[in-house]
$ cat target.txt   # compact mmCIF, C-alpha atoms
# COMPACT_ATOMS: atom_id res chain seq x y z
CA MET A 17 -145.75 93.61 189.44
CA ILE A 18 -142.19 94.87 189.08
CA SER A 19 -140.44 93.09 186.24
CA THR A 20 -136.81 92.46 187.14
CA VAL A 21 -133.83 90.95 185.36
CA ILE A 22 -130.84 89.80 187.42
CA ILE A 23 -127.57 89.46 185.53
CA GLY A 24 -124.99 87.27 187.23
CA ASN A 25 -124.42 83.82 188.63
CA GLY A 26 -122.65 84.50 191.92
CA ASN A 27 -123.83 84.39 195.52
CA VAL A 28 -125.65 87.74 195.45
CA ALA A 29 -127.54 86.88 192.26
CA HIS A 30 -128.39 83.43 193.64
CA HIS A 31 -129.91 84.69 196.91
CA LEU A 32 -131.60 87.70 195.32
CA GLU A 33 -133.38 85.50 192.78
CA LYS A 34 -134.58 83.15 195.54
CA ALA A 35 -135.97 86.08 197.54
CA PHE A 36 -137.69 87.65 194.52
CA LEU A 37 -139.27 84.34 193.54
CA LYS A 38 -140.96 84.24 196.95
CA ALA A 39 -142.38 87.77 196.57
CA ASN A 40 -145.77 88.02 194.87
CA THR A 41 -145.08 91.53 193.57
CA ILE A 42 -141.98 90.71 191.50
CA ASP A 43 -141.58 89.00 188.14
CA VAL A 44 -137.91 87.95 188.04
CA THR A 45 -135.65 86.48 185.37
CA LYS A 46 -132.01 85.60 185.99
CA ILE A 47 -129.46 85.31 183.19
CA ASN A 48 -125.73 84.65 183.08
CA SER A 49 -123.46 87.61 182.38
CA ARG A 50 -122.01 85.66 179.44
CA ASN A 51 -125.40 85.56 177.73
CA LEU A 52 -126.15 89.23 177.06
CA SER A 53 -127.32 88.98 173.47
CA ASN A 54 -130.99 88.69 174.35
CA ILE A 55 -131.73 90.46 177.64
CA PRO A 56 -135.48 90.53 178.42
CA LYS A 57 -137.08 93.93 178.88
CA ALA A 58 -137.76 94.82 182.50
CA ASP A 59 -138.61 97.68 184.84
CA ILE A 60 -135.29 97.15 186.62
CA THR A 61 -132.16 95.36 185.39
CA ILE A 62 -129.85 94.39 188.25
CA ILE A 63 -126.17 93.74 187.55
CA ALA A 64 -124.86 91.34 190.22
CA VAL A 65 -121.35 90.59 188.94
CA SER A 66 -117.81 91.34 190.15
CA ASP A 67 -116.81 95.00 190.22
CA ASN A 68 -114.29 94.44 187.43
CA ALA A 69 -117.05 93.29 185.08
CA ILE A 70 -119.71 95.94 185.79
CA GLU A 71 -118.59 98.45 183.17
CA GLU A 72 -118.41 95.89 180.37
CA VAL A 73 -121.74 94.27 181.27
CA SER A 74 -123.56 97.60 181.70
CA SER A 75 -122.32 98.82 178.31
CA LYS A 76 -124.25 96.01 176.62
CA ILE A 77 -127.60 96.65 178.30
CA LYS A 78 -130.30 98.57 176.47
CA ASN A 79 -133.00 98.34 179.15
CA SER A 80 -134.27 101.63 180.55
CA PHE A 81 -133.24 101.36 184.24
CA VAL A 82 -129.99 99.62 185.18
CA VAL A 83 -128.59 99.24 188.71
CA HIS A 84 -125.65 97.40 190.26
CA THR A 85 -125.22 95.68 193.63
CA SER A 86 -121.64 96.75 194.39
CA GLY A 87 -120.54 98.42 197.60
CA SER A 88 -117.65 100.34 196.08
CA PHE A 89 -118.53 100.93 192.40
CA SER A 90 -119.83 104.40 191.50
CA MET A 91 -123.31 104.75 190.02
CA ASP A 92 -121.92 107.20 187.48
CA ASN A 93 -119.50 104.58 186.14
CA LEU A 94 -122.31 102.42 184.80
CA GLN A 95 -121.87 102.44 181.01
CA ASN A 96 -125.49 102.05 179.92
CA LYS A 97 -126.96 105.05 178.09
CA THR A 98 -130.18 104.97 180.09
CA ARG A 99 -131.18 105.55 183.73
CA LYS A 100 -128.81 104.41 186.49
CA GLY A 101 -128.99 103.39 190.11
CA VAL A 102 -127.61 101.24 192.94
CA PHE A 103 -129.25 98.34 194.78
CA TYR A 104 -126.60 97.47 197.39
CA MET A 105 -127.29 94.99 200.17
CA LEU A 106 -124.92 95.34 203.12
CA GLN A 107 -124.55 91.67 203.99
CA THR A 108 -122.20 88.74 203.46
CA PHE A 109 -123.53 86.15 201.00
CA SER A 110 -122.45 82.50 200.92
CA ARG A 111 -124.32 80.18 198.57
CA ASP A 112 -125.05 77.47 201.14
CA LYS A 113 -126.15 79.85 203.94
CA GLU A 114 -129.74 81.13 203.86
CA ILE A 115 -130.26 84.89 204.12
CA ASP A 116 -133.03 86.58 206.13
CA PHE A 117 -133.59 89.65 203.94
CA SER A 118 -135.81 91.25 206.59
CA LYS A 119 -132.59 91.94 208.52
CA VAL A 120 -130.51 93.10 205.53
CA PRO A 121 -129.88 96.84 205.07
CA PHE A 122 -130.67 97.99 201.52
CA CYS A 123 -128.56 100.98 200.46
CA LEU A 124 -130.28 102.62 197.49
CA GLU A 125 -129.26 105.33 195.07
CA ALA A 126 -130.86 106.67 191.89
CA GLU A 127 -130.58 109.66 189.58
CA THR A 128 -134.22 110.69 190.04
CA GLU A 129 -136.76 110.56 192.84
CA LYS A 130 -139.09 108.48 190.67
CA ASP A 131 -136.43 105.82 190.16
CA TYR A 132 -135.52 105.86 193.84
CA ILE A 133 -139.16 105.21 194.76
CA LEU A 134 -139.17 102.25 192.36
CA LEU A 135 -136.03 100.80 193.95
CA GLU A 136 -137.51 101.39 197.40
CA LYS A 137 -140.64 99.49 196.37
CA LEU A 138 -138.50 96.62 195.11
CA ALA A 139 -136.47 96.51 198.31
CA LYS A 140 -139.58 96.63 200.52
CA SER A 141 -140.97 93.60 198.71
CA ILE A 142 -138.31 91.44 200.42
CA GLY A 143 -136.94 93.59 203.27
CA ASN A 144 -137.65 96.52 205.56
CA LYS A 145 -134.31 98.20 206.32
CA ILE A 146 -134.10 100.82 203.57
CA TYR A 147 -131.49 103.60 203.41
CA ASN A 148 -130.95 106.44 200.95
CA ILE A 149 -127.16 106.30 200.64
CA THR A 150 -124.87 108.32 198.36
CA THR A 151 -121.98 106.78 196.46
CA GLU A 152 -119.41 108.23 198.86
CA GLN A 153 -121.34 107.03 201.91
CA ARG A 154 -121.66 103.57 200.36
CA LYS A 155 -117.92 103.38 199.67
CA THR A 156 -117.26 104.28 203.31
CA LEU A 157 -119.71 101.64 204.51
CA HIS A 158 -118.08 99.07 202.26
CA VAL A 159 -114.59 99.56 203.68
CA ALA A 160 -116.01 99.52 207.22
CA ALA A 161 -117.76 96.26 206.32
CA VAL A 162 -114.46 94.75 205.17
CA PHE A 163 -113.06 95.36 208.66
CA VAL A 164 -116.04 94.01 210.63
CA ASN A 165 -116.75 91.08 208.30
CA ASN A 166 -113.97 90.00 205.93
CA PHE A 167 -111.04 90.74 208.22
CA THR A 168 -112.89 89.40 211.27
CA ASN A 169 -113.72 86.17 209.44
CA HIS A 170 -110.04 85.79 208.50
CA LEU A 171 -109.19 86.08 212.19
CA TYR A 172 -111.71 83.29 212.85
CA LYS A 173 -109.80 81.25 210.26
CA ILE A 174 -106.50 81.91 212.04
CA GLY A 175 -108.10 80.93 215.35
CA ALA A 176 -109.37 77.71 213.74
CA ASP A 177 -105.88 76.98 212.37
CA ILE A 178 -104.37 77.41 215.85
CA CYS A 179 -106.98 75.08 217.30
CA ASP A 180 -106.41 72.48 214.57
CA THR A 181 -102.65 72.58 215.05
CA ASN A 182 -103.07 71.88 218.76
CA ASN A 183 -105.91 69.35 218.49
CA VAL A 184 -108.44 71.61 220.20
CA PRO A 185 -112.04 71.78 218.86
CA PHE A 186 -112.79 75.21 217.39
CA GLU A 187 -116.38 74.95 218.68
CA ILE A 188 -115.09 75.75 222.17
CA LEU A 189 -114.61 79.34 220.95
CA GLN A 190 -118.16 79.67 219.62
CA PRO A 191 -119.75 81.08 222.84
CA LEU A 192 -116.96 83.70 222.97
CA ILE A 193 -117.56 84.65 219.34
CA ASP A 194 -121.31 84.94 219.97
CA GLU A 195 -120.84 87.07 223.09
CA THR A 196 -118.38 89.39 221.35
CA ALA A 197 -120.85 90.02 218.53
CA SER A 198 -123.77 90.41 220.93
CA LYS A 199 -121.95 92.77 223.31
CA ILE A 200 -121.47 95.57 220.76
CA LYS A 201 -125.24 95.87 220.43
CA GLN A 202 -125.15 97.37 223.93
CA LEU A 203 -121.65 98.83 224.19
CA LYS A 204 -119.47 100.86 221.88
CA PRO A 205 -116.64 98.72 220.46
CA ALA A 206 -114.06 100.78 222.36
CA SER A 207 -115.86 100.08 225.65
CA ALA A 208 -116.20 96.38 224.84
CA GLN A 209 -112.46 95.86 224.22
CA THR A 210 -110.79 93.37 226.56
CA GLY A 211 -107.66 91.22 226.45
CA PRO A 212 -103.92 91.43 227.11
CA ALA A 213 -103.31 94.31 224.69
CA VAL A 214 -105.70 96.72 226.41
CA ARG A 215 -104.35 95.60 229.80
CA ASN A 216 -100.76 95.95 228.54
CA ASP A 217 -100.08 92.46 229.85
CA THR A 218 -96.60 92.13 228.32
CA GLU A 219 -95.83 88.68 229.74
CA THR A 220 -99.00 87.16 228.26
CA ILE A 221 -98.36 88.87 224.92
CA LYS A 222 -94.82 87.39 224.86
CA ASN A 223 -96.16 83.91 225.68
CA HIS A 224 -98.75 84.19 222.91
CA LEU A 225 -96.14 85.19 220.33
CA ASP A 226 -94.04 82.13 221.24
CA LEU A 227 -96.96 79.91 220.22
CA LEU A 228 -97.51 81.45 216.79
CA SER A 229 -96.08 81.11 213.32
CA LYS A 230 -94.18 84.08 211.86
CA GLU A 231 -97.18 85.23 209.81
CA GLN A 232 -99.49 84.92 212.81
CA GLN A 233 -96.97 86.82 214.94
CA THR A 234 -96.97 89.70 212.44
CA ILE A 235 -100.77 89.98 212.54
CA TYR A 236 -100.83 89.65 216.34
CA LYS A 237 -98.25 92.43 216.77
CA ILE A 238 -100.05 94.79 214.37
CA LEU A 239 -103.41 94.31 216.09
CA THR A 240 -101.90 94.55 219.58
CA LYS A 241 -100.19 97.82 218.69
CA SER A 242 -103.40 99.18 217.15
CA ILE A 243 -105.44 98.29 220.25
CA GLN A 244 -102.90 99.88 222.58
CA LYS A 245 -102.67 103.04 220.48
CA SER A 246 -106.47 103.29 220.27
CA ASN A 247 -106.79 102.80 224.03
CA LYS A 248 -104.40 105.69 224.70
CA THR A 249 -106.46 108.07 222.55
CA GLU A 250 -109.82 107.24 224.17

$ encode --input "target.txt" --output "structure tokens"
Amino acid sequence: MISTVIIGNGNVAHHLEKAFLKANTIDVTKINSRNLSNIPKADITIIAVSDNAIEEVSSKIKNSFVVHTSGSFSMDNLQNKTRKGVFYMLQTFSRDKEIDFSKVPFCLEAETEKDYILLEKLAKSIGNKIYNITTEQRKTLHVAAVFVNNFTNHLYKIGADICDTNNVPFEILQPLIDETASKIKQLKPASAQTGPAVRNDTETIKNHLDLLSKEQQTIYKILTKSIQKSNKTE
């Protein structure tokens, strides 16, 4: 059994605890980051809090092996005086949406090979996509993830707003969203690009802009210009 303490009360901590509780090789305890006066001893202590709180929380931990779950926080910036590592899961976590950890990439980092093997064992108890990733590689992955997930989801939100404003059900766009996501499993994103920007369809672009708010127009123009510039360099 791997004894594990999870510190945090957010979405990552919530789903990680649920997954560990289902594994018969992990003994897990979850505590709130505000209750650090009596942290149980464990083989691995996982800090699953916001990046801004990691340094403060880690400075109060006396357990021997401490890791965080951040995509952009350096392992070396952990403030515990003991062993350090990273247990980063490259996925979006919402509390009310179940996570299939067998499909989640685990990006691991540790100071020693022995500690890396321990983290790998922990990850394999709930998943099977394991990667040995350095801090710099992880930071690069994190910013790439912001583009393909956070920014993309915001564009979904804008699309939903446009639909709501015009009394059109957003669900009509769902097959298009699914096909777009599915297509890049077979094609490179550059090859999968379609639409008026890549066709330089100026009349359609003008008509679209007439339908949008000023903020939406700004985003539309920036993305259109980026697509056209990217298409010229391919």

$ atom_distance --input "target.txt" --atom1 "atom CA of A:Phe117" --atom2 "atom CA of A:Lys38"
11.5 Å

$ atom_distance --input "target.txt" --atom1 "atom CA of A:Asn93" --atom2 "atom CA of A:Arg50"
20.2 Å

$ residues_near_point --input "target.txt" --point "(-99.2, 85.4, 219.0)" --cutoff "8 Å" --atoms "only C-alpha atoms" --output "PyMOL selection string"
chain A and resi 221-229+232-233+236-237

$ atom_distance --input "target.txt" --atom1 "atom CA of A:Lys199" --atom2 "atom CA of A:Asn216"
22.1 Å

$ residues_around --input "target.txt" --residues "A:Val164" --least-positions-apart "4" --cutoff "12 Å" --atoms "all atoms listed in the file" --output "VMD selection string"
chain A and resid 106 to 108 157 to 160 168 to 172 196 to 197 200 205

$ axis_aligned_box --input "target.txt" --around "stretch 233-242 of chain A" --padding-each-side "4 Å" --output "JSON"
{"center_x": -100.2, "center_y": 93.0, "center_z": 216.0, "size_x": 14.4, "size_y": 20.4, "size_z": 15.1}

$ closest_residue --input "target.txt" --among "A:Ser110, A:Gln209, A:Thr128, A:Ser75" --to "A:Leu94" --atoms "all atoms listed in the file"
A:Ser75

$ closest_residue --input "target.txt" --among "A:Leu134, A:Phe167, A:Asn247, A:Pro121" --to "A:Ile146" --atoms "all atoms listed in the file"
A:Pro121

$ closest_residue --input "target.txt" --among "A:Glu125, A:Asp112, A:Asp177, A:Asp131" --to "A:Phe89" --atoms "only C-alpha atoms"
A:Glu125

$ closest_residue --input "target.txt" --among "A:Asp217, A:Lys230, A:Lys248, A:Val28" --to "A:Lys113" --atoms "all atoms listed in the file"
A:Val28
